[in-house]
$ cat run-v5.cif   # mmCIF, C-alpha atoms and all ligand atoms
data_target
#
loop_
_atom_site.label_atom_id
_atom_site.label_comp_id
_atom_site.auth_asym_id
_atom_site.auth_seq_id
_atom_site.Cartn_x
_atom_site.Cartn_y
_atom_site.Cartn_z
CA MET A 1 1.66 -11.44 -11.44
CA THR A 2 0.21 -8.38 -13.12
CA THR A 3 0.16 -4.77 -12.04
CA THR A 4 -2.36 -2.14 -13.08
CA THR A 5 -1.94 1.59 -12.55
CA ALA A 6 -4.81 4.06 -12.57
CA THR A 7 -4.97 7.77 -11.82
CA ALA A 8 -7.44 10.57 -11.21
CA PRO A 9 -6.67 14.31 -11.23
CA GLY A 10 -7.20 17.00 -8.64
CA LYS A 11 -9.69 19.80 -9.22
CA VAL A 12 -10.48 23.37 -8.35
CA ILE A 13 -13.85 25.08 -8.20
CA LEU A 14 -13.60 28.28 -10.27
CA PHE A 15 -16.91 29.76 -9.20
CA GLY A 16 -19.91 28.74 -7.10
CA GLU A 17 -18.78 26.70 -4.07
CA HIS A 18 -21.28 26.50 -1.21
CA ALA A 19 -24.09 28.00 -3.32
CA VAL A 20 -23.88 24.79 -5.39
CA VAL A 21 -25.06 22.82 -2.33
CA TYR A 22 -28.27 24.94 -2.51
CA GLY A 23 -28.97 24.31 -6.19
CA ARG A 24 -27.05 27.16 -7.82
CA ALA A 25 -24.65 26.48 -10.70
CA ALA A 26 -20.90 26.14 -10.25
CA ILE A 27 -17.89 25.74 -12.53
CA ALA A 28 -15.03 23.37 -11.75
CA VAL A 29 -11.98 22.28 -13.72
CA PRO A 30 -9.62 19.31 -13.36
CA VAL A 31 -6.01 20.00 -12.40
CA ALA A 32 -3.94 17.31 -14.09
CA LYS A 33 -0.63 18.47 -12.55
CA VAL A 34 -1.64 16.89 -9.26
CA LYS A 35 -3.15 13.45 -9.09
CA ALA A 36 -3.96 10.34 -7.10
CA THR A 37 -2.24 7.19 -8.39
CA VAL A 38 -3.24 3.65 -7.50
CA THR A 39 -1.21 0.57 -8.29
CA LEU A 40 -2.95 -2.77 -8.03
CA THR A 41 -0.84 -5.94 -7.90
CA ASP A 42 -1.91 -9.56 -7.69
CA ALA A 43 -0.88 -11.00 -4.31
CA PRO A 44 -0.30 -14.66 -3.35
CA ALA A 45 -3.56 -16.62 -3.18
CA GLY A 46 -5.27 -16.52 0.21
CA THR A 47 -3.67 -13.25 1.35
CA GLY A 48 -6.86 -11.25 0.80
CA CYS A 49 -7.25 -7.73 -0.42
CA THR A 50 -5.31 -4.91 1.24
CA ILE A 51 -5.05 -1.19 0.57
CA ALA A 52 -1.99 0.76 1.69
CA ALA A 53 -2.01 4.57 1.63
CA PRO A 54 1.42 5.48 3.06
CA ASP A 55 0.84 9.26 2.73
CA ILE A 56 -1.90 9.06 5.36
CA ARG A 57 -0.37 6.05 7.15
CA ALA A 58 -3.41 3.92 6.37
CA HIS A 59 -3.35 0.19 5.87
CA VAL A 60 -6.77 -1.30 5.36
CA SER A 61 -7.97 -4.82 4.72
CA LEU A 62 -11.12 -5.27 2.70
CA SER A 63 -12.68 -7.84 5.01
CA GLY A 64 -11.32 -6.28 8.25
CA GLN A 65 -12.52 -2.70 7.73
CA PRO A 66 -15.43 -2.95 5.28
CA LYS A 67 -16.75 0.54 6.13
CA ASP A 68 -13.48 2.36 5.57
CA PRO A 69 -13.85 4.75 2.57
CA LEU A 70 -10.88 3.15 0.74
CA ALA A 71 -12.31 -0.35 1.26
CA LEU A 72 -15.80 0.77 0.30
CA ALA A 73 -14.55 2.18 -3.02
CA VAL A 74 -12.99 -1.20 -3.84
CA ARG A 75 -16.02 -3.18 -2.63
CA LEU A 76 -18.51 -1.13 -4.67
CA ALA A 77 -16.30 -1.49 -7.76
CA LEU A 78 -16.04 -5.27 -7.22
CA GLU A 79 -19.84 -5.49 -6.90
CA GLU A 80 -20.18 -3.56 -10.15
CA VAL A 81 -18.01 -6.04 -12.05
CA GLY A 82 -19.77 -8.98 -10.38
CA LEU A 83 -16.75 -10.34 -8.49
CA GLU A 84 -18.13 -11.92 -5.36
CA ALA A 85 -15.11 -13.62 -3.76
CA GLU A 86 -12.48 -11.34 -2.24
CA PRO A 87 -9.53 -11.29 -4.66
CA ALA A 88 -5.90 -11.53 -3.47
CA TRP A 89 -4.93 -8.00 -4.45
CA GLN A 90 -2.64 -5.39 -3.03
CA PHE A 91 -3.45 -1.72 -3.66
CA THR A 92 -1.02 1.13 -3.04
CA VAL A 93 -2.42 4.65 -3.08
CA ARG A 94 -0.19 7.71 -3.58
CA SER A 95 -1.35 11.26 -4.06
CA ASP A 96 0.26 14.66 -4.43
CA ILE A 97 -3.08 16.46 -4.08
CA PRO A 98 -3.10 18.45 -0.82
CA ILE A 99 -5.31 16.67 1.72
CA ALA A 100 -8.24 18.70 3.13
CA GLY A 101 -7.21 21.52 0.81
CA GLY A 102 -10.26 21.91 -1.44
CA MET A 103 -8.61 20.16 -4.39
CA GLY A 104 -10.71 17.01 -4.41
CA SER A 105 -8.13 14.65 -2.92
CA GLY A 106 -10.73 12.28 -1.42
CA ALA A 107 -12.72 12.04 -4.66
CA ALA A 108 -9.55 11.52 -6.70
CA VAL A 109 -8.36 8.65 -4.48
CA SER A 110 -11.78 6.96 -4.71
CA ALA A 111 -11.89 7.45 -8.50
CA ALA A 112 -8.37 6.05 -8.95
CA LEU A 113 -9.26 2.98 -6.83
CA VAL A 114 -12.44 2.31 -8.82
CA ASN A 115 -10.61 2.87 -12.13
CA ALA A 116 -7.90 0.44 -11.02
CA VAL A 117 -10.42 -2.30 -10.21
CA PHE A 118 -12.19 -1.88 -13.54
CA ALA A 119 -8.94 -1.82 -15.50
CA HIS A 120 -7.51 -4.84 -13.64
CA CYS A 121 -10.53 -7.10 -14.02
CA ASP A 122 -10.54 -9.28 -17.02
CA LEU A 123 -13.91 -8.26 -18.35
CA HIS A 124 -13.52 -10.34 -21.53
CA ASP A 125 -16.01 -9.05 -24.03
CA ARG A 126 -18.03 -7.12 -21.47
CA ALA A 127 -17.72 -3.38 -21.88
CA GLN A 128 -15.81 -1.44 -19.21
CA PRO A 129 -18.19 0.36 -16.86
CA ASP A 130 -18.76 3.90 -18.09
CA ARG A 131 -17.87 7.19 -16.43
CA GLU A 132 -21.36 7.61 -15.03
CA THR A 133 -20.96 4.32 -13.14
CA VAL A 134 -17.59 5.43 -11.73
CA ASN A 135 -19.16 8.78 -10.81
CA ARG A 136 -22.05 7.09 -8.98
CA ILE A 137 -19.65 4.99 -6.91
CA VAL A 138 -17.34 7.91 -6.09
CA TYR A 139 -20.35 10.00 -5.06
CA ALA A 140 -21.41 7.22 -2.65
CA ILE A 141 -17.97 7.46 -1.00
CA GLU A 142 -18.14 11.27 -0.91
CA LYS A 143 -21.30 10.88 1.17
CA LEU A 144 -19.21 9.11 3.83
CA HIS A 145 -16.79 12.06 3.99
CA HIS A 146 -19.44 14.80 3.93
CA THR A 147 -23.10 14.35 4.81
CA ASN A 148 -24.50 16.50 2.02
CA PRO A 149 -22.07 16.75 -0.90
CA SER A 150 -23.32 18.56 -3.99
CA GLY A 151 -21.55 16.03 -6.25
CA ILE A 152 -19.32 18.58 -8.00
CA ASP A 153 -16.00 17.11 -6.76
CA ASN A 154 -16.62 13.56 -7.92
CA THR A 155 -18.05 14.78 -11.25
CA VAL A 156 -15.07 16.88 -12.33
CA VAL A 157 -12.52 14.35 -11.08
CA VAL A 158 -14.22 11.42 -12.84
CA TYR A 159 -15.00 13.21 -16.13
CA ARG A 160 -11.61 15.03 -16.21
CA GLN A 161 -13.16 17.95 -18.01
CA PRO A 162 -14.28 21.45 -17.11
CA VAL A 163 -17.90 21.14 -15.95
CA TRP A 164 -20.88 23.38 -15.51
CA PHE A 165 -22.56 21.71 -12.60
CA VAL A 166 -26.06 22.01 -11.17
CA ARG A 167 -26.96 19.58 -8.41
CA GLY A 168 -29.20 16.74 -9.59
CA GLN A 169 -28.64 17.48 -13.29
CA PRO A 170 -26.24 15.79 -15.70
CA PRO A 171 -22.96 17.75 -15.83
CA GLN A 172 -22.58 19.97 -18.89
CA ARG A 173 -19.40 20.54 -20.83
CA PHE A 174 -18.70 23.95 -22.26
CA GLU A 175 -16.25 25.46 -24.72
CA ILE A 176 -13.23 27.36 -23.51
CA ALA A 177 -12.77 29.83 -26.33
CA ARG A 178 -9.44 31.22 -25.05
CA PRO A 179 -7.18 29.40 -22.59
CA PHE A 180 -6.35 31.16 -19.34
CA HIS A 181 -3.96 30.54 -16.46
CA LEU A 182 -4.48 29.95 -12.79
CA VAL A 183 -1.99 30.09 -9.96
CA ILE A 184 -3.23 27.82 -7.18
CA ALA A 185 -1.72 28.42 -3.75
CA ASP A 186 -2.03 26.33 -0.61
CA THR A 187 -2.48 28.15 2.71
CA GLY A 188 -1.17 24.99 4.40
CA ILE A 189 -4.19 25.11 6.71
CA ALA A 190 -6.21 21.88 6.63
CA SER A 191 -9.93 22.51 6.55
CA SER A 192 -12.78 20.06 7.03
CA THR A 193 -15.33 20.46 4.23
CA ALA A 194 -17.98 18.76 6.39
CA ALA A 195 -17.48 21.25 9.24
CA VAL A 196 -17.57 24.34 7.00
CA VAL A 197 -20.60 23.09 5.04
CA SER A 198 -22.50 22.40 8.27
CA ASP A 199 -21.63 25.88 9.65
CA VAL A 200 -23.08 27.42 6.48
CA ARG A 201 -26.16 25.22 6.88
CA ARG A 202 -26.71 26.46 10.44
CA ALA A 203 -26.29 30.08 9.39
CA TRP A 204 -28.71 29.53 6.46
CA GLU A 205 -31.27 28.01 8.83
CA SER A 206 -31.19 31.08 11.04
CA ALA A 207 -31.32 33.68 8.22
CA ARG A 208 -32.64 32.02 5.09
CA LEU A 209 -33.54 35.13 3.12
CA VAL A 210 -30.12 36.69 3.62
CA TYR A 211 -28.31 33.50 2.63
CA GLU A 212 -30.56 32.75 -0.35
CA GLU A 213 -29.74 36.22 -1.67
CA ILE A 214 -26.00 35.58 -1.32
CA PHE A 215 -26.39 32.20 -3.08
CA ASP A 216 -28.34 33.91 -5.90
CA GLY A 217 -25.50 36.40 -6.27
CA ILE A 218 -22.93 33.60 -6.47
CA GLY A 219 -25.07 31.74 -9.03
CA GLU A 220 -25.25 34.88 -11.19
CA ILE A 221 -21.46 35.21 -11.03
CA ALA A 222 -21.09 31.59 -12.19
CA SER A 223 -23.43 32.29 -15.14
CA ALA A 224 -21.50 35.45 -16.07
CA ALA A 225 -18.24 33.51 -15.83
CA ARG A 226 -19.54 30.81 -18.14
CA ARG A 227 -20.56 33.44 -20.71
CA ALA A 228 -17.11 35.04 -20.41
CA ILE A 229 -15.27 31.72 -20.84
CA VAL A 230 -17.41 30.58 -23.79
CA SER A 231 -16.96 33.90 -25.60
CA GLY A 232 -13.22 34.18 -24.88
CA ASN A 233 -13.62 37.26 -22.68
CA VAL A 234 -11.12 36.00 -20.10
CA ASP A 235 -10.37 39.57 -18.98
CA ALA A 236 -13.73 39.53 -17.21
CA LEU A 237 -12.76 36.59 -14.98
CA GLY A 238 -10.62 38.61 -12.54
CA SER A 239 -13.40 40.92 -11.41
CA LEU A 240 -15.83 37.99 -11.25
CA MET A 241 -13.40 36.19 -8.91
CA ARG A 242 -13.10 39.26 -6.70
CA GLU A 243 -16.89 39.57 -6.57
CA ASN A 244 -17.30 35.84 -5.79
CA GLN A 245 -14.76 36.18 -2.97
CA ARG A 246 -16.68 39.16 -1.55
CA LEU A 247 -19.79 36.97 -1.28
CA LEU A 248 -17.81 34.02 0.17
CA ARG A 249 -16.61 36.43 2.87
CA GLN A 250 -20.25 37.22 3.62
CA LEU A 251 -20.87 33.48 4.05
CA ASP A 252 -18.07 33.58 6.64
CA VAL A 253 -16.04 30.84 4.94
CA SER A 254 -12.87 32.83 4.33
CA ALA A 255 -9.97 33.08 6.79
CA PRO A 256 -7.26 35.67 7.57
CA GLU A 257 -4.56 33.60 5.84
CA LEU A 258 -6.70 33.24 2.71
CA GLU A 259 -7.36 37.00 2.69
CA ARG A 260 -3.67 37.77 3.16
CA LEU A 261 -2.55 35.53 0.29
CA ILE A 262 -5.39 36.72 -1.97
CA ALA A 263 -4.21 40.31 -1.42
CA ILE A 264 -0.59 39.29 -2.14
CA ALA A 265 -1.65 37.60 -5.41
CA GLU A 266 -3.62 40.65 -6.53
CA GLU A 267 -0.82 43.07 -5.58
CA ALA A 268 1.62 40.92 -7.59
CA GLY A 269 -0.55 41.26 -10.71
CA ALA A 270 -3.32 38.65 -10.57
CA ALA A 271 -6.52 39.90 -12.23
CA GLY A 272 -8.50 38.44 -9.31
CA ALA A 273 -8.32 35.70 -6.71
CA LYS A 274 -10.62 33.75 -4.42
CA LEU A 275 -10.68 30.77 -2.12
CA SER A 276 -11.55 27.47 -3.80
CA GLY A 277 -13.51 24.63 -2.20
CA ALA A 278 -14.96 24.79 1.27
CA GLY A 279 -12.70 27.61 2.55
CA ARG A 280 -11.44 28.52 6.05
CA GLY A 281 -8.10 27.17 4.83
CA GLY A 282 -7.06 25.01 1.90
CA ASN A 283 -6.27 26.55 -1.47
CA LEU A 284 -6.90 29.82 -3.23
CA ILE A 285 -6.92 30.36 -6.98
CA ALA A 286 -5.78 33.44 -8.86
CA VAL A 287 -6.51 34.14 -12.52
CA VAL A 288 -3.34 35.61 -13.98
CA GLU A 289 -2.19 36.86 -17.38
CA TYR A 290 0.46 34.45 -18.67
CA LYS A 291 3.32 36.94 -18.50
CA LYS A 292 2.62 37.63 -14.80
CA VAL A 293 2.24 34.00 -13.69
CA GLU A 294 5.79 33.64 -12.42
CA ALA A 295 5.72 36.93 -10.48
CA VAL A 296 2.46 35.95 -8.77
CA GLN A 297 3.78 32.48 -7.94
CA GLU A 298 7.01 33.92 -6.48
CA ALA A 299 5.13 36.50 -4.41
CA LEU A 300 2.85 33.81 -2.96
CA LEU A 301 5.74 31.53 -2.06
CA ALA A 302 7.71 34.43 -0.54
CA ALA A 303 4.63 35.29 1.54
CA GLY A 304 4.55 31.77 2.98
CA ALA A 305 2.22 29.75 0.73
CA ALA A 306 2.82 26.07 1.47
CA GLY A 307 2.89 25.23 -2.23
CA THR A 308 1.73 26.47 -5.62
CA VAL A 309 0.52 24.87 -8.83
CA ILE A 310 0.25 26.65 -12.16
CA THR A 311 -2.36 25.33 -14.52
CA GLN A 312 -3.74 26.31 -17.90
CA VAL A 313 -7.49 25.98 -18.37
CA GLY A 314 -8.36 25.08 -21.96
CA SER A 315 -5.91 24.21 -24.69
O1 LIG A 401 -13.52 21.52 -0.19
P1 LIG A 401 -13.97 20.67 -1.31
O2 LIG A 401 -13.01 20.51 -2.42
O3 LIG A 401 -14.50 19.35 -0.86
O4 LIG A 401 -15.20 21.44 -2.02
C1 LIG A 401 -16.40 21.62 -1.35
C2 LIG A 401 -17.36 22.37 -2.21
C3 LIG A 401 -18.62 22.79 -1.47
O5 LIG A 401 -19.43 23.51 -2.41
C4 LIG A 401 -18.30 23.72 -0.31
C5 LIG A 401 -19.39 21.59 -0.94
C6 LIG A 401 -20.06 20.74 -2.01
O6 LIG A 401 -20.48 19.63 -1.68
O7 LIG A 401 -20.21 21.20 -3.15
#
$ encode --input "run-v5.cif" --output "structure tokens"
Amino acid sequence: MTTTTATAPGKVILFGEHAVVYGRAAIAVPVAKVKATVTLTDAPAGTGCTIAAPDIRAHVSLSGQPKDPLALAVRLALEEVGLEAEPAWQFTVRSDIPIAGGMGSGAAVSAALVNAVFAHCDLHDRAQPDRETVNRIVYAIEKLHHTNPSGIDNTVVVYRQPVWFVRGQPPQRFEIARPFHLVIADTGIASSTAAVVSDVRRAWESARLVYEEIFDGIGEIASAARRAIVSGNVDALGSLMRENQRLLRQLDVSAPELERLIAIAEEAGAAGAKLSGAGRGGNLIAVVEYKKVEAVQEALLAAGAAGTVITQVGS
């Protein structure tokens, strides 16, 4: 009996959420400190393929619930490796990425499942499917969760690298000339990406010119942020985050708890902070000088943040 373990990281969007759905550029980075982990063990012959995700109390059988997102990830991966008969396999999914928190937990679970299938299959001399194949499968699952995903979540989680992302184009890597630090804080409020994205869609339909202008503004901030990161001008990132958050407020995707914690982070010394992901709840990110990271983290926890993660972008 063999066991295979595969992982995929969480992610945060630094700049450009929502506008990215409408073709503007966005920047996202993986967060390796949180991850989805899948273990895949051979089970006794004839027991079929089951997927247990104890964190969300899910127990799925491949043949019993073929349309479940966990089962679909496994089925699409099996099709890719050309395995037609259902294998006797037992998957266990664990994740410490906050669920419905804007940190890519769904995409990371799908990516870890697909990676586990590929790693577990004896592909002999056939090459392992490449990242683009994994990305295509994870994007197909994302479409089950949200009707109109831009593709940014699956891309950053699968490639595990900072990405400059424009919908419909291959993701671009970019240099991080000087590393910088983020404090990520969870409001503890679960937020449905699908619901927030469809609210923005409705608002855009009723006032296209206004919304297109906001999206243009967000796209310009993402471009300025890329220039700043590539040239090592990390001091510029704080004001760009504040400006991005101002426009996200105009899209009506912020929330009182996000605003409160963003203010706390900035008062405690963050250069700037903003929501990350769909908004209305979930996580916020603050760009913070290294020597102030601990003070900002403590202030956020004292103010009631449900959890924090400190991450360095670039090495
Ligand atoms: O909340 P998350 O992590 O799923 O991020 C959503 C990002 C959006 O731009 C709001 C939607 C999308 O598909 O890009």
$ residues_near_ligand --input "run-v5.cif" --ligand "ligand LIG 401 (chain A)" --cutoff "7 Å" --atoms "all atoms listed in the file" --output "ChimeraX atom specification"
/A:17-21,100-104,148-153,193,197,277-279
$ residues_near_point --input "run-v5.cif" --point "(-16.2, -8.6, -7.0)" --cutoff "12 Å" --atoms "only C-alpha atoms" --output "CSV table (one decimal) with C-alpha atoms, in the frame of the given file"
chain,number,residue,atom,x,y,z
A,49,CYS,CA,-7.2,-7.7,-0.4
A,62,LEU,CA,-11.1,-5.3,2.7
A,72,LEU,CA,-15.8,0.8,0.3
A,73,ALA,CA,-14.6,2.2,-3.0
A,74,VAL,CA,-13.0,-1.2,-3.8
A,75,ARG,CA,-16.0,-3.2,-2.6
A,76,LEU,CA,-18.5,-1.1,-4.7
A,77,ALA,CA,-16.3,-1.5,-7.8
A,78,LEU,CA,-16.0,-5.3,-7.2
A,79,GLU,CA,-19.8,-5.5,-6.9
A,80,GLU,CA,-20.2,-3.6,-10.2
A,81,VAL,CA,-18.0,-6.0,-12.0
A,82,GLY,CA,-19.8,-9.0,-10.4
A,83,LEU,CA,-16.8,-10.3,-8.5
A,84,GLU,CA,-18.1,-11.9,-5.4
A,85,ALA,CA,-15.1,-13.6,-3.8
A,86,GLU,CA,-12.5,-11.3,-2.2
A,87,PRO,CA,-9.5,-11.3,-4.7
A,88,ALA,CA,-5.9,-11.5,-3.5
A,89,TRP,CA,-4.9,-8.0,-4.4
A,114,VAL,CA,-12.4,2.3,-8.8
A,117,VAL,CA,-10.4,-2.3,-10.2
A,118,PHE,CA,-12.2,-1.9,-13.5
A,120,HIS,CA,-7.5,-4.8,-13.6
A,121,CYS,CA,-10.5,-7.1,-14.0
A,122,ASP,CA,-10.5,-9.3,-17.0
A,123,LEU,CA,-13.9,-8.3,-18.4
$ closest_residue --input "run-v5.cif" --among "A:Val196, A:Leu240, A:Ala36, A:Ile189" --to "Pro256 (chain A)" --atoms "all atoms listed in the file"
A:Ile189
$ residues_around --input "run-v5.cif" --residues "Ala8 (chain A)" --least-positions-apart "5" --cutoff "12 Å" --atoms "only C-alpha atoms" --output "PyMOL selection string"
chain A and resi 30-38+93-97+103-116+134-135+138+153-161
$ atom_distance --input "run-v5.cif" --atom1 "CA of Asp42 (chain A)" --atom2 "CA of Thr3 (chain A)"
6.8 Å
$ residues_around --input "run-v5.cif" --residues "region 272-274 of chain A" --least-positions-apart "4" --cutoff "8 Å" --atoms "only C-alpha atoms" --output "PDB file with C-alpha atoms, in the frame of the given file"
ATOM      1  CA  LEU A 237     -12.760  36.590 -14.980  1.00  0.00           C
ATOM      2  CA  GLY A 238     -10.620  38.610 -12.540  1.00  0.00           C
ATOM      3  CA  SER A 239     -13.400  40.920 -11.410  1.00  0.00           C
ATOM      4  CA  LEU A 240     -15.830  37.990 -11.250  1.00  0.00           C
ATOM      5  CA  MET A 241     -13.400  36.190  -8.910  1.00  0.00           C
ATOM      6  CA  ARG A 242     -13.100  39.260  -6.700  1.00  0.00           C
ATOM      7  CA  ASN A 244     -17.300  35.840  -5.790  1.00  0.00           C
ATOM      8  CA  GLN A 245     -14.760  36.180  -2.970  1.00  0.00           C
ATOM      9  CA  ILE A 262      -5.390  36.720  -1.970  1.00  0.00           C
ATOM     10  CA  ALA A 265      -1.650  37.600  -5.410  1.00  0.00           C
ATOM     11  CA  GLU A 266      -3.620  40.650  -6.530  1.00  0.00           C
ATOM     12  CA  LEU A 284      -6.900  29.820  -3.230  1.00  0.00           C
ATOM     13  CA  ILE A 285      -6.920  30.360  -6.980  1.00  0.00           C
ATOM     14  CA  ALA A 286      -5.780  33.440  -8.860  1.00  0.00           C
ATOM     15  CA  VAL A 287      -6.510  34.140 -12.520  1.00  0.00           C
ATOM     16  CA  VAL A 288      -3.340  35.610 -13.980  1.00  0.00           C
TER      17      VAL A 288
END
$ atom_distance --input "run-v5.cif" --atom1 "CA of Leu182 (chain A)" --atom2 "CA of Glu212 (chain A)"
29.0 Å
$ atom_distance --input "run-v5.cif" --atom1 "CA of Tyr22 (chain A)" --atom2 "CA of Leu209 (chain A)"
12.8 Å
$ residues_near_point --input "run-v5.cif" --point "(3.9, 32.7, -12.0)" --cutoff "12 Å" --atoms "only C-alpha atoms" --output "MDAnalysis selection string"
chainID A and resid 181:185 265 268:270 286:301 308:312
$ closest_residue --input "run-v5.cif" --among "A:Ile13, A:Ala28, A:Leu258, A:Leu251" --to "Asp199 (chain A)" --atoms "all atoms listed in the file"
A:Leu251
$ closest_residue --input "run-v5.cif" --among "A:Met1, A:Leu247, A:Ala271, A:Leu70" --to "Ala58 (chain A)" --atoms "only C-alpha atoms"
A:Leu70
$ closest_residue --input "run-v5.cif" --among "A:Val163, A:Glu205, A:Pro170, A:Ser191" --to "Arg136 (chain A)" --atoms "only C-alpha atoms"
A:Pro170
$ axis_aligned_box --input "run-v5.cif" --around "region 293-307 of chain A" --padding-each-side "4 Å" --output "AutoDock Vina command-line options"
--center_x 5.0 --center_y 31.1 --center_z -5.4 --size_x 13.5 --size_y 19.7 --size_z 24.7
$ residues_around --input "run-v5.cif" --residues "Gln90 (chain A)" --least-positions-apart "5" --cutoff "10 Å" --atoms "only C-alpha atoms" --output "CSV table (one decimal) with C-alpha atoms, in the frame of the given file"
chain,number,residue,atom,x,y,z
A,3,THR,CA,0.2,-4.8,-12.0
A,39,THR,CA,-1.2,0.6,-8.3
A,40,LEU,CA,-3.0,-2.8,-8.0
A,41,THR,CA,-0.8,-5.9,-7.9
A,42,ASP,CA,-1.9,-9.6,-7.7
A,43,ALA,CA,-0.9,-11.0,-4.3
A,44,PRO,CA,-0.3,-14.7,-3.4
A,47,THR,CA,-3.7,-13.2,1.4
A,48,GLY,CA,-6.9,-11.2,0.8
A,49,CYS,CA,-7.2,-7.7,-0.4
A,50,THR,CA,-5.3,-4.9,1.2
A,51,ILE,CA,-5.0,-1.2,0.6
A,52,ALA,CA,-2.0,0.8,1.7
A,61,SER,CA,-8.0,-4.8,4.7
